[in-house]
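K.L.:
What follows is data11.cif, made up of mmCIF, C-alpha atoms:
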```cif
data_coords
loop_
_atom_site.label_atom_id
_atom_site.label_comp_id
_atom_site.auth_asym_id
_atom_site.auth_seq_id
_atom_site.Cartn_x
_atom_site.Cartn_y
_atom_site.Cartn_z
CA MET A 998 10.13 6.53 28.35
CA ASN A 999 12.10 7.81 25.38
CA THR A 1000 13.17 4.65 23.57
CA GLU A 1001 15.19 6.45 20.90
CA SER A 1002 18.25 6.41 23.13
CA THR A 1003 17.93 2.73 24.08
CA PRO A 1004 21.30 1.07 23.31
CA PRO A 1005 21.40 -1.93 21.00
CA PRO A 1006 21.55 -5.37 22.61
CA THR A 1007 25.04 -6.55 23.52
CA LEU A 1008 26.35 -9.10 21.07
CA ALA A 1009 27.91 -12.33 22.19
CA ALA A 1010 31.67 -12.38 22.52
CA ASP A 1011 31.94 -15.35 20.18
CA PRO A 1012 33.62 -14.00 17.00
CA LYS A 1013 31.40 -16.25 14.91
CA SER A 1014 28.37 -14.33 16.17
CA SER A 1015 30.02 -10.95 15.59
CA PRO A 1016 31.09 -10.64 11.94
CA SER A 1017 33.71 -8.13 10.90
CA PRO A 1018 32.40 -4.74 9.73
CA GLY A 1019 33.26 -5.53 6.12
CA ARG A 1020 31.56 -8.91 6.15
CA PHE A 1021 28.56 -7.45 7.95
CA ALA A 1022 28.15 -4.69 5.35
CA VAL A 1023 28.46 -7.10 2.42
CA THR A 1024 26.00 -9.57 3.97
CA CYS A 1025 23.48 -6.82 4.74
CA THR A 1026 23.71 -5.45 1.21
CA ALA A 1027 23.21 -8.88 -0.35
CA LEU A 1028 20.28 -9.59 1.94
CA ALA A 1029 18.75 -6.19 1.17
CA LEU A 1030 18.89 -6.94 -2.56
CA VAL A 1031 17.23 -10.32 -2.10
CA LEU A 1032 14.69 -8.95 0.35
CA GLY A 1033 13.89 -6.03 -1.94
CA ALA A 1034 13.39 -8.27 -4.94
CA LEU A 1035 11.14 -10.68 -3.05
CA SER A 1036 9.12 -7.81 -1.56
CA GLY A 1037 8.71 -6.27 -5.01
CA LEU A 1038 7.45 -9.53 -6.49
CA LEU A 1039 4.96 -10.00 -3.67
CA SER A 1040 3.85 -6.38 -3.95
CA ALA A 1041 3.19 -6.93 -7.65
CA LEU A 1042 1.09 -9.98 -6.81
CA PHE A 1043 -0.66 -8.02 -4.09
CA LEU A 1044 -1.48 -5.12 -6.43
CA TRP A 1045 -2.78 -7.53 -9.06
CA SER A 1046 -4.92 -9.28 -6.45
CA LEU A 1047 -6.30 -5.97 -5.17
CA ASP A 1048 -7.39 -4.97 -8.66
CA ARG A 1049 -9.09 -8.32 -9.21
CA VAL A 1050 -11.01 -8.40 -5.94
CA THR A 1051 -11.99 -4.74 -6.30
CA ALA A 1052 -13.33 -5.41 -9.79
CA LEU A 1053 -15.17 -8.45 -8.43
CA ARG A 1054 -16.76 -6.34 -5.70
CA PHE A 1055 -17.97 -3.80 -8.22
CA THR A 1056 -19.38 -6.60 -10.38
CA HIS A 1057 -21.04 -8.29 -7.41
CA PRO A 1058 -22.09 -5.54 -4.97
CA GLU A 1059 -23.82 -8.16 -2.84
CA LEU A 1060 -20.38 -9.13 -1.50
CA VAL A 1061 -20.69 -6.32 1.05
CA PHE A 1062 -23.19 -8.48 2.96
CA PHE A 1063 -20.24 -10.72 3.90
CA LEU A 1064 -18.53 -7.87 5.77
CA PRO A 1065 -19.45 -9.08 9.30
CA ALA A 1066 -18.48 -12.69 8.56
CA ALA A 1067 -15.21 -11.65 6.92
CA GLY A 1068 -14.34 -9.36 9.83
CA ILE A 1069 -15.09 -12.03 12.42
CA PHE A 1070 -13.01 -14.56 10.46
CA MET A 1071 -9.92 -12.38 10.20
CA VAL A 1072 -10.07 -11.31 13.85
CA TRP A 1073 -10.35 -15.00 14.81
CA VAL A 1074 -7.36 -15.87 12.62
CA TYR A 1075 -5.23 -13.18 14.24
CA ARG A 1076 -6.34 -14.27 17.71
CA ARG A 1077 -5.47 -17.87 16.87
CA TRP A 1078 -2.21 -17.45 14.94
CA GLY A 1079 -1.32 -13.78 14.86
CA ALA A 1080 0.46 -13.27 18.17
CA ASP A 1081 1.91 -9.73 18.02
CA SER A 1082 1.17 -9.47 14.28
CA GLU A 1083 -2.12 -7.80 15.22
CA ARG A 1084 -0.17 -4.60 15.91
CA GLY A 1085 0.97 -4.39 12.30
CA ASN A 1086 3.20 -1.50 11.28
CA ALA A 1087 3.35 -0.17 14.82
CA MET A 1088 5.17 -3.33 15.91
CA ILE A 1089 7.63 -3.18 12.99
CA LEU A 1090 8.53 0.44 13.72
CA GLU A 1091 8.82 -0.27 17.43
CA ARG A 1092 11.17 -3.21 16.84
CA ILE A 1093 13.32 -1.03 14.58
CA ARG A 1094 13.46 1.74 17.15
CA GLN A 1095 14.21 -0.54 20.10
CA HIS A 1096 16.85 -2.63 18.28
CA LYS A 1097 14.85 -5.82 18.82
CA GLY A 1098 14.87 -6.49 15.12
CA ARG A 1099 12.55 -9.51 14.73
CA VAL A 1100 8.89 -9.88 13.91
CA PRO A 1101 6.86 -13.04 13.27
CA ALA A 1102 7.49 -14.30 9.74
CA ARG A 1103 3.81 -15.33 9.56
CA MET A 1104 2.95 -11.62 9.49
CA ALA A 1105 3.50 -11.54 5.72
CA VAL A 1106 1.00 -14.33 5.04
CA LEU A 1107 -1.59 -13.05 7.50
CA ILE A 1108 -1.62 -9.47 6.24
CA PHE A 1109 -1.64 -10.49 2.58
CA GLY A 1110 -4.70 -12.71 2.97
CA SER A 1111 -6.61 -10.49 5.39
CA SER A 1112 -6.08 -7.34 3.29
CA ILE A 1113 -7.33 -9.06 0.14
CA LEU A 1114 -10.37 -10.30 2.06
CA SER A 1115 -11.05 -6.81 3.44
CA HIS A 1116 -11.08 -5.29 -0.05
CA LEU A 1117 -13.16 -8.12 -1.48
CA VAL A 1118 -16.04 -7.27 0.83
CA GLY A 1119 -15.55 -3.49 0.65
CA ALA A 1120 -13.89 -2.43 3.91
CA SER A 1121 -12.36 1.04 3.67
CA THR A 1122 -8.71 0.18 4.22
CA GLY A 1123 -5.45 0.76 2.37
CA ARG A 1124 -2.51 -1.24 1.06
CA GLU A 1125 0.69 0.31 2.44
CA GLY A 1126 0.25 -1.44 5.78
CA ALA A 1127 0.14 -4.78 4.03
CA ALA A 1128 3.22 -4.03 1.90
CA VAL A 1129 5.35 -2.88 4.83
CA GLN A 1130 4.30 -5.90 6.90
CA ILE A 1131 5.02 -8.24 3.99
CA GLY A 1132 8.51 -6.76 3.85
CA GLY A 1133 8.93 -7.19 7.59
CA GLY A 1134 7.71 -10.79 7.49
CA LEU A 1135 10.09 -11.60 4.64
CA ALA A 1136 12.96 -10.06 6.61
CA ALA A 1137 12.16 -12.34 9.55
CA PHE A 1138 12.04 -15.36 7.22
CA LEU A 1139 15.44 -14.58 5.69
CA LEU A 1140 17.01 -14.03 9.11
CA LYS A 1141 15.70 -17.37 10.30
CA LEU A 1142 16.69 -19.12 7.09
CA GLY A 1143 20.24 -17.80 7.33
CA ASN A 1144 20.45 -18.38 11.08
CA LEU A 1145 21.70 -14.82 11.50
CA ASN A 1146 22.20 -13.19 14.86
CA ALA A 1147 20.39 -10.21 16.38
CA ARG A 1148 22.79 -7.70 14.85
CA TYR A 1149 21.15 -8.19 11.45
CA GLY A 1150 17.60 -7.76 12.72
CA ARG A 1151 17.26 -3.99 12.74
CA PRO A 1152 18.90 -3.36 9.34
CA MET A 1153 16.77 -6.04 7.70
CA LEU A 1154 13.54 -4.70 9.17
CA VAL A 1155 14.42 -1.24 7.82
CA ALA A 1156 15.18 -2.80 4.42
CA GLY A 1157 11.90 -4.71 4.44
CA ALA A 1158 9.85 -1.64 5.33
CA ALA A 1159 11.60 0.40 2.63
CA ALA A 1160 11.08 -2.25 -0.03
CA GLY A 1161 7.41 -2.70 0.84
CA PHE A 1162 6.57 1.01 0.82
CA SER A 1163 8.61 1.64 -2.32
CA SER A 1164 7.18 -1.18 -4.40
CA ILE A 1165 3.54 -0.61 -3.50
CA PHE A 1166 3.64 3.08 -4.49
CA GLY A 1167 6.47 3.12 -7.03
CA THR A 1168 8.45 5.66 -4.97
CA PRO A 1169 11.90 4.26 -4.08
CA LEU A 1170 13.33 7.43 -2.54
CA ALA A 1171 10.28 8.02 -0.35
CA GLY A 1172 10.24 4.33 0.62
CA ALA A 1173 13.79 4.52 1.93
CA LEU A 1174 13.13 7.76 3.81
CA PHE A 1175 9.91 6.41 5.32
CA ALA A 1176 11.77 3.38 6.70
CA ILE A 1177 14.34 5.51 8.53
CA GLU A 1178 12.09 8.41 9.52
CA ALA A 1179 8.87 6.76 10.69
CA PRO A 1180 10.45 4.72 13.54
CA ALA A 1181 12.21 7.78 15.00
CA PRO A 1182 10.79 11.09 13.73
CA LYS A 1183 13.06 13.18 15.97
CA GLN A 1184 16.25 11.34 15.01
CA PRO A 1185 15.97 9.57 11.64
CA LEU A 1186 18.20 6.50 11.33
CA LEU A 1187 20.48 8.10 8.74
CA HIS A 1188 23.19 5.43 9.08
CA LEU A 1189 20.74 2.90 7.63
CA LEU A 1190 19.76 5.07 4.66
CA PRO A 1191 22.16 3.41 2.16
CA LEU A 1192 20.81 -0.03 3.00
CA ALA A 1193 17.23 1.24 2.80
CA LEU A 1194 17.94 2.70 -0.64
CA VAL A 1195 19.35 -0.62 -1.89
CA ALA A 1196 16.25 -2.52 -0.75
CA SER A 1197 13.89 0.22 -1.89
CA PHE A 1198 15.22 0.41 -5.45
CA ALA A 1199 15.41 -3.39 -5.67
CA GLY A 1200 11.78 -3.66 -4.57
CA ASP A 1201 10.55 -1.01 -7.00
CA THR A 1202 12.53 -2.54 -9.90
CA ALA A 1203 11.23 -6.05 -9.22
CA CYS A 1204 7.65 -4.83 -8.89
CA ARG A 1205 7.76 -2.91 -12.17
CA ALA A 1206 9.54 -5.76 -13.95
CA SER A 1207 6.64 -8.01 -12.95
CA GLY A 1208 4.27 -5.81 -14.93
CA ALA A 1209 2.80 -3.84 -12.04
CA THR A 1210 1.78 -0.28 -12.79
CA HIS A 1211 1.17 2.67 -10.50
CA ALA A 1212 -1.34 5.49 -10.80
CA LEU A 1213 -0.10 8.70 -12.37
CA TYR A 1214 -1.48 12.07 -11.28
CA HIS A 1215 -0.98 15.15 -13.41
CA VAL A 1216 -0.33 18.43 -11.64
CA GLN A 1217 0.26 21.54 -13.67
CA THR A 1218 3.38 23.26 -12.37
CA PRO A 1219 2.36 26.71 -11.14
CA LEU A 1220 4.28 29.89 -11.78
CA TRP A 1221 6.36 30.66 -8.71
CA SER A 1222 5.45 34.31 -9.08
CA SER A 1223 1.80 33.37 -8.51
CA LEU A 1224 2.63 31.40 -5.36
CA ILE A 1225 4.11 34.38 -3.56
CA ALA A 1226 0.97 36.47 -3.96
CA PRO A 1227 -0.42 37.32 -0.48
CA LYS A 1228 -3.70 35.47 -1.12
CA THR A 1229 -1.93 32.30 -2.26
CA LEU A 1230 0.59 32.38 0.59
CA ALA A 1231 -2.24 32.75 3.11
CA ALA A 1232 -4.12 29.89 1.44
CA LEU A 1233 -1.04 27.64 1.54
CA LEU A 1234 -0.54 28.37 5.23
CA LEU A 1235 -4.19 27.71 6.05
CA ALA A 1236 -4.22 24.54 3.94
CA SER A 1237 -1.11 23.22 5.72
CA LEU A 1238 -2.77 23.68 9.11
CA LEU A 1239 -5.97 22.10 7.83
CA PHE A 1240 -4.15 19.05 6.47
CA GLY A 1241 -2.33 18.52 9.75
CA TRP A 1242 -5.57 18.87 11.68
CA ALA A 1243 -7.25 16.30 9.37
CA GLY A 1244 -4.46 13.81 10.14
CA HIS A 1245 -4.92 14.47 13.86
CA LEU A 1246 -8.69 14.03 13.50
CA PHE A 1247 -8.28 10.64 11.83
CA ILE A 1248 -6.13 9.33 14.66
CA ARG A 1249 -8.67 10.57 17.21
CA MET A 1250 -11.50 8.93 15.27
CA HIS A 1251 -9.63 5.61 15.06
CA LEU A 1252 -8.88 5.70 18.77
CA GLY A 1253 -12.49 6.67 19.47
CA VAL A 1254 -13.83 3.61 17.65
CA ARG A 1255 -11.52 1.29 19.54
CA PHE A 1256 -12.28 3.00 22.85
CA LEU A 1257 -16.01 2.64 22.24
CA TYR A 1258 -15.66 -1.07 21.56
CA ALA A 1259 -13.57 -1.45 24.71
CA LYS A 1260 -16.25 0.33 26.76
CA LEU A 1261 -18.96 -1.94 25.36
CA SER A 1262 -17.13 -4.91 26.92
CA GLY A 1263 -18.69 -7.41 24.54
CA PRO A 1264 -17.26 -10.68 23.20
CA TRP A 1265 -14.25 -10.60 20.86
CA TRP A 1266 -16.39 -10.99 17.73
CA TRP A 1267 -18.60 -8.00 18.53
CA PRO A 1268 -16.43 -5.23 16.97
CA PRO A 1269 -16.07 -6.81 13.49
CA ALA A 1270 -19.73 -7.84 13.50
CA LEU A 1271 -21.03 -4.39 14.41
CA GLY A 1272 -18.48 -2.64 12.20
CA GLY A 1273 -19.45 -4.86 9.28
CA ILE A 1274 -23.13 -4.08 9.75
CA LEU A 1275 -22.45 -0.33 9.82
CA LEU A 1276 -20.34 -0.61 6.65
CA ILE A 1277 -23.19 -2.48 4.94
CA ALA A 1278 -25.49 0.39 5.83
CA ALA A 1279 -22.94 2.84 4.38
CA SER A 1280 -22.79 0.85 1.14
CA HIS A 1281 -26.51 1.51 0.62
CA SER A 1282 -26.22 5.26 1.08
CA PRO A 1283 -25.65 7.23 -2.13
CA LEU A 1284 -23.64 9.70 -0.07
CA LEU A 1285 -21.19 7.08 1.25
CA THR A 1286 -20.87 4.28 -1.29
CA ASP A 1287 -17.88 5.91 -3.05
CA TYR A 1288 -15.85 5.76 0.15
CA LEU A 1289 -15.79 1.98 0.61
CA GLY A 1290 -12.81 -0.01 -0.60
CA LEU A 1291 -9.48 1.42 -1.70
CA GLY A 1292 -10.81 4.43 -3.59
CA THR A 1293 -8.18 4.50 -6.33
CA TRP A 1294 -10.64 3.80 -9.15
CA SER A 1295 -14.29 3.10 -9.86
CA PRO A 1296 -16.24 1.90 -12.92
CA ASN A 1297 -19.06 4.29 -12.02
CA ALA A 1298 -19.05 7.55 -13.93
CA GLY A 1299 -18.92 10.53 -11.61
CA ALA A 1300 -17.69 8.53 -8.62
CA VAL A 1301 -15.30 10.25 -6.23
CA THR A 1302 -11.84 8.65 -6.36
CA ILE A 1303 -8.29 9.77 -5.71
CA ALA A 1304 -7.90 10.42 -9.44
CA SER A 1305 -11.08 12.49 -9.64
CA ALA A 1306 -9.81 14.75 -6.85
CA PHE A 1307 -7.22 16.17 -9.25
CA SER A 1308 -9.95 17.55 -11.52
CA PRO A 1309 -12.33 20.48 -10.92
CA GLY A 1310 -15.49 19.25 -9.22
CA GLY A 1311 -13.94 15.86 -8.49
CA ALA A 1312 -14.95 15.81 -4.82
CA SER A 1313 -17.74 17.03 -2.60
CA ASP A 1314 -17.38 19.09 0.56
CA LEU A 1315 -17.83 15.98 2.72
CA SER A 1316 -15.74 13.50 0.72
CA TRP A 1317 -12.70 13.76 2.97
CA ILE A 1318 -14.56 13.33 6.26
CA ALA A 1319 -16.63 10.45 4.86
CA LYS A 1320 -13.46 8.59 3.87
CA LEU A 1321 -11.79 9.24 7.22
CA SER A 1322 -14.89 8.06 9.09
CA LEU A 1323 -15.31 4.80 7.18
CA THR A 1324 -11.60 4.04 7.39
CA ALA A 1325 -11.52 4.67 11.15
CA LEU A 1326 -14.56 2.40 11.48
CA SER A 1327 -13.04 -0.33 9.31
CA LEU A 1328 -9.62 -0.41 10.96
CA GLY A 1329 -11.03 0.05 14.45
CA SER A 1330 -13.37 -2.90 13.89
CA GLY A 1331 -10.52 -5.24 12.97
CA PHE A 1332 -10.38 -5.11 9.17
CA LYS A 1333 -6.87 -5.08 7.71
CA GLY A 1334 -5.00 -3.19 5.02
CA GLY A 1335 -3.46 0.11 6.02
CA GLU A 1336 -4.09 3.78 6.59
CA VAL A 1337 -1.93 5.56 4.03
CA THR A 1338 -4.00 5.24 0.84
CA PRO A 1339 -7.20 6.33 2.65
CA LEU A 1340 -5.26 9.32 3.98
CA PHE A 1341 -4.12 10.07 0.42
CA PHE A 1342 -7.80 9.98 -0.60
CA ALA A 1343 -8.95 12.19 2.25
CA GLY A 1344 -6.13 14.67 1.71
CA ALA A 1345 -6.66 14.92 -2.04
CA THR A 1346 -10.41 15.45 -1.72
CA LEU A 1347 -9.94 17.97 1.10
CA GLY A 1348 -7.41 19.87 -1.01
CA ASN A 1349 -9.77 19.83 -3.99
CA THR A 1350 -12.64 21.22 -1.93
CA PHE A 1351 -10.43 23.85 -0.28
CA ALA A 1352 -9.11 25.08 -3.63
CA THR A 1353 -12.56 25.10 -5.22
CA HIS A 1354 -13.99 27.41 -2.57
CA LEU A 1355 -11.06 29.81 -2.90
CA ASN A 1356 -10.92 29.68 -6.69
CA LEU A 1357 -7.43 28.17 -6.68
CA ALA A 1358 -5.90 25.28 -8.67
CA PRO A 1359 -7.65 22.07 -7.49
CA ASP A 1360 -4.93 19.78 -8.86
CA LEU A 1361 -2.16 21.54 -6.94
CA PHE A 1362 -4.05 21.58 -3.64
CA ALA A 1363 -5.20 17.98 -4.16
CA ALA A 1364 -1.53 17.03 -4.50
CA LEU A 1365 -0.62 19.01 -1.38
CA GLY A 1366 -3.38 17.34 0.63
CA PHE A 1367 -2.51 13.93 -0.82
CA VAL A 1368 0.86 13.92 0.94
CA ALA A 1369 0.34 16.39 3.79
CA VAL A 1370 -2.50 14.61 5.63
CA PHE A 1371 -0.44 11.40 5.66
CA THR A 1372 2.72 13.31 6.61
CA GLY A 1373 0.99 15.03 9.49
CA ALA A 1374 -0.39 11.80 10.89
CA ALA A 1375 2.81 9.76 10.41
CA HIS A 1376 5.22 12.59 11.33
CA THR A 1377 7.37 11.94 8.26
CA PRO A 1378 7.79 15.36 6.61
CA LEU A 1379 10.94 14.41 4.69
CA ALA A 1380 9.44 11.22 3.30
CA GLY A 1381 6.22 13.09 2.49
CA ALA A 1382 7.98 15.83 0.54
CA VAL A 1383 10.08 13.34 -1.44
CA LEU A 1384 6.98 11.21 -2.05
CA ALA A 1385 5.34 14.29 -3.57
CA ALA A 1386 8.42 14.94 -5.69
CA GLU A 1387 8.43 11.39 -7.08
CA LEU A 1388 4.71 11.50 -7.82
CA PHE A 1389 4.22 15.08 -8.98
CA GLY A 1390 7.65 16.38 -9.99
CA PHE A 1391 10.85 17.38 -8.22
CA GLY A 1392 10.40 20.99 -9.24
CA LEU A 1393 7.66 21.31 -6.62
CA ILE A 1394 9.70 20.10 -3.64
CA PRO A 1395 10.37 23.65 -2.30
CA LEU A 1396 6.59 24.00 -2.02
CA PHE A 1397 5.81 20.57 -0.61
CA LEU A 1398 8.50 20.52 2.06
CA PRO A 1399 7.20 23.47 4.15
CA VAL A 1400 3.59 22.31 3.72
CA CYS A 1401 4.49 18.81 4.96
CA TRP A 1402 6.50 20.25 7.83
CA LEU A 1403 3.66 22.51 8.96
CA ALA A 1404 1.18 19.62 8.75
CA HIS A 1405 3.53 17.52 10.88
CA LEU A 1406 3.72 20.27 13.51
CA THR A 1407 -0.03 20.89 13.44
CA CYS A 1408 -0.84 17.25 14.10
CA GLY A 1409 0.87 17.61 17.46
CA LYS A 1410 2.36 14.84 19.58
CA ILE A 1411 -0.27 12.32 18.62
CA GLY A 1412 0.86 9.97 15.83
CA LEU A 1413 -0.42 7.39 13.40
CA TYR A 1414 1.65 4.51 14.77
CA PRO A 1415 1.12 3.66 18.46
CA GLY A 1416 4.27 3.40 20.52
CA HIS A 1417 6.64 5.73 18.69
CA PRO A 1418 7.88 8.88 20.48
CA LEU A 1419 5.11 10.98 18.93
CA GLY A 1420 2.56 8.19 18.94
CA HIS A 1421 -0.64 7.48 20.82
CA SER A 1422 -1.79 4.87 23.26
CA ALA A 1423 -4.37 2.44 21.98
CA PRO A 1424 -6.77 0.62 24.31
CA THR A 1425 -4.87 -1.94 26.33
CA ALA A 1426 -5.24 -5.67 25.88
CA LYS A 1427 -6.96 -5.81 29.25
CA ASN A 1428 -9.75 -3.53 28.09
CA ASN A 1429 -9.81 -4.34 24.37
CA PRO A 1430 -12.53 -6.86 23.52
CA GLN A 1431 -10.65 -7.85 20.36
CA LYS A 1432 -7.87 -9.40 22.43
#
```
Mind turning this structure into structure tokens?
P.N.:
Amino acid sequence: MNTESTPPPTLAADPKSSPSPGRFAVTCTALALVLGALSGLLSALFLWSLDRVTALRFTHPELVFFLPAAGIFMVWVYRRWGADSERGNAMILERIRQHKGRVPARMAVLIFGSSILSHLVGASTGREGAAVQIGGGLAAFLLKLGNLNARYGRPMLVAGAAAGFSSIFGTPLAGALFAIEAPAPKQPLLHLLPLALVASFAGDTACRASGATHALYHVQTPLWSSLIAPKTLAALLLASLLFGWAGHLFIRMHLGVRFLYAKLSGPWWWPPALGGILLIAASHSPLLTDYLGLGTWSPNAGAVTIASAFSPGGASDLSWIAKLSLTALSLGSGFKGGEVTPLFFAGATLGNTFATHLNLAPDLFAALGFVAVFTGAAHTPLAGAVLAAELFGFGLIPLFLPVCWLAHLTCGKIGLYPGHPLGHSAPTAKNNPQK
């Protein structure tokens, strides 16, 4: 059923429950500012915590042996207290799209703690999922605290998602666009864009004011005359299709892991236990150890990271598929965090490898892959192009927009977030041993 056309819930006739348009707009704006600031502060704390636990894992590599226990613990916590929070970003986007507007406030606490634990032991997960869910949980808390009716739910969830995405990556424009585009790729919620921008800029400002810093990637601006050469145009077209296919592949791999666990029909603790054991084995392989954890930095000289992918020789031919595989295994086994940063990693390393084999600029194609693999999987070409502009320069947006659009089309109707109009169907609760 196409839920994009589902009408909003009817409000009560009581005038106290239906504020005037002016009062509603002022209240939403004020709440978006507060929500954005709180999300930014928590994102700063989250980023600081991620750096500390990642450094601790590198200092004490034996922490990977706690992967099974950590996975079992967090799956148990979500079974005990998580309710629908287990669905993560998919639930937030679904509630936005269906005008339901509320998520459990506990989601913010659960995802913060479980994501930190995942990175402490080396699971290959991201951070965007945590930030967006923190924003959604804070929105639910403010709605409950203010005893506000259902009319405020959808705008506040959009504001929370925008603030979380913006503050974790330092990209306020992309954060706002993600929040209105991801829930409804065919019909972005343009009427909520002003509110999303307020929350997004508030979140980014608060995060930076707290001392948080974001990675900078240098891309040398190419000459436009060189980009219209037949060889380069053909390479850009092929790369766009490849990036979209890589996003599609990741979704299939994630679904495959979950389907396999469902077919095994074991107890609820079996997926995180088995997944943890396989990740331990990966940590002892010289070919795979670089692809555990977040992948944004490493103290080991010569390690493959997102940053290294922007330099010649900064990735191997199999870097991108190794990262996708370990991330699909980690998330499918119940570890928490997110998908976006691993997709950035996979896209950047795939772009680097592609450019290297064709004797093209590795930094430019790493940047293209960085955003296009994520864009293809999430079906957010506008947010992806603006994300690229904020990270790599607005002068490149005429190049990034068609690449992101082609990747989105190539990925097909399957999508990163289950339940949205272009999404996929995950194993049902009846057949999923994690439930």
K.L.:
Can you give me, as a list in words, the residues this file yields under the PyMOL selection byres ((chain A and resi 1203-1208) around 6)?
P.N.:
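That expression, the PyMOL selection byres ((chain A and resi 1203-1208) around 6), corresponds here to Ala1034, Gly1037, Leu1038, Ala1041, Ser1164, Gly1200, Asp1201, Thr1202 and Ala1209 of chain A.
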K.L.:
In the coordinates of the file, take the point (-10.6, 2.9, 4.6) and a cut-off of 10 Å; then, counting only C-alpha atoms, name each qualifying protein, DNA or RNA residue as number ranges by chain.
P.N.:
A: 1115-1116, 1119-1124, 1288-1292, 1319-1328, 1332-1340, 1342-1343
K.L.:
What box, with edges along x, y and z, holds each listed atom of stretch 1321-1330 of chain A when 8 Å is added on every side, and can you state its centre and edge lengths in Å to one decimal, as JSON?
P.N.:
```
{"center_x": -12.5, "center_y": 3.2, "center_z": 10.8, "size_x": 21.7, "size_y": 28.1, "size_z": 23.3}
```
K.L.:
For the point (-4.6, 15.9, 8.8) in the file's frame, write as a ChimeraX atom specification all residues with an atom no more than 9 Å away, counting only C-alpha atoms.
P.N.:
/A:1237-1248,1340,1343-1344,1366,1369-1374,1404-1405,1407-1408
K.L.:
Please dump the current selection as a short mmCIF file (atom, residue, chain, number, x, y, z; two decimals), in the frame of the given file; keep C-alpha atoms.
P.N.:
```cif
data_model
loop_
_atom_site.label_atom_id
_atom_site.label_comp_id
_atom_site.auth_asym_id
_atom_site.auth_seq_id
_atom_site.Cartn_x
_atom_site.Cartn_y
_atom_site.Cartn_z
CA SER A 1237 -1.11 23.22 5.72
CA LEU A 1238 -2.77 23.68 9.11
CA LEU A 1239 -5.97 22.10 7.83
CA PHE A 1240 -4.15 19.05 6.47
CA GLY A 1241 -2.33 18.52 9.75
CA TRP A 1242 -5.57 18.87 11.68
CA ALA A 1243 -7.25 16.30 9.37
CA GLY A 1244 -4.46 13.81 10.14
CA HIS A 1245 -4.92 14.47 13.86
CA LEU A 1246 -8.69 14.03 13.50
CA PHE A 1247 -8.28 10.64 11.83
CA ILE A 1248 -6.13 9.33 14.66
CA LEU A 1340 -5.26 9.32 3.98
CA ALA A 1343 -8.95 12.19 2.25
CA GLY A 1344 -6.13 14.67 1.71
CA GLY A 1366 -3.38 17.34 0.63
CA ALA A 1369 0.34 16.39 3.79
CA VAL A 1370 -2.50 14.61 5.63
CA PHE A 1371 -0.44 11.40 5.66
CA THR A 1372 2.72 13.31 6.61
CA GLY A 1373 0.99 15.03 9.49
CA ALA A 1374 -0.39 11.80 10.89
CA ALA A 1404 1.18 19.62 8.75
CA HIS A 1405 3.53 17.52 10.88
CA THR A 1407 -0.03 20.89 13.44
CA CYS A 1408 -0.84 17.25 14.10
#
```
K.L.:
When the PyMOL selection byres ((chain A and resi 1060-1071) around 8) is applied to the file above, which residues end up in the set, as an MDAnalysis selection string?
P.N.:
chainID A and resid 1054 1057:1059 1072:1075 1111 1114:1115 1117:1120 1266 1269:1274 1276:1277 1280 1330:1332
K.L.:
Smallest atom-to-atom distance to A:Ile1131: which of A:Ala1102, A:Val1155, A:Leu1230, A:Ala1147, using only C-alpha atoms?
P.N.:
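Between A:Ala1102, A:Val1155, A:Leu1230, A:Ala1147, the residue approaching A:Ile1131 most closely is A:Ala1102.
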K.L.:
In Å, how far is it from atom CA of A:Ala1105 to atom CA of A:Phe1138?
P.N.:
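Rounded to one decimal, the two atoms are 9.5 Å apart.
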K.L.:
So how many Å separate atom CA of A:Pro1191 and atom CA of A:Ser1082, to one decimal?
P.N.:
27.4 Å
K.L.:
Mind giving me the straight-line distance from atom CA of A:Ile1303 to atom CA of A:Asp1048 in Å, one decimal?
P.N.:
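Atom CA of A:Asp1048 lies 15.1 Å from atom CA of A:Ile1303.
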K.L.:
Given the PyMOL selection byres ((chain A and resi 1180) around 10) and the file above, list the residues it selects as JSON, numbers by chain.
P.N.:
{"A": [1001, 1086, 1087, 1088, 1089, 1090, 1091, 1092, 1093, 1094, 1095, 1155, 1175, 1176, 1177, 1178, 1179, 1181, 1182, 1183, 1184, 1185, 1186, 1375, 1376, 1377, 1414, 1416, 1417, 1418, 1419]}
K.L.:
Counting only C-alpha atoms, which residue out of A:Thr1051, A:Gly1348, A:Val1023, A:Ile1108 sits closest to A:Leu1233?
P.N.:
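Smallest distance to A:Leu1233 is found for A:Gly1348.
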K.L.:
May I have the residues within 8 Å of A:Thr1168 as a PyMOL selection string, using only C-alpha atoms and disregarding those fewer than 2 positions away in the same chain?
P.N.:
chain A and resi 1162-1164+1166+1170-1172+1201+1384+1387-1388
K.L.:
So which residues touch A:Ser1197 within 6 Å, counting only C-alpha atoms, skipping near sequence neighbours fewer than 3 positions away, as a ChimeraX atom specification?
P.N.:
/A:1159-1160,1163,1169,1173,1193-1194,1200
K.L.:
Considering all atoms listed in the file, can you say which of A:Leu1174, A:Ile1165, A:Leu1039, A:Ala1306 comes closest to A:Val1195?
P.N.:
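Checking each candidate against A:Val1195, we get A:Leu1174 as the closest.
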K.L.:
Quick one: of A:Leu1139, A:Leu1361, A:Pro1268, A:Ser1282, who's nearest to A:Leu1224, counting only C-alpha atoms?
P.N.:
A:Leu1361
K.L.:
Taking all atoms listed in the file into account, name the residue in A:Thr1353, A:Phe1198, A:Leu1028, A:Trp1265 that is nearest to A:Gly1143.
P.N.:
A:Leu1028
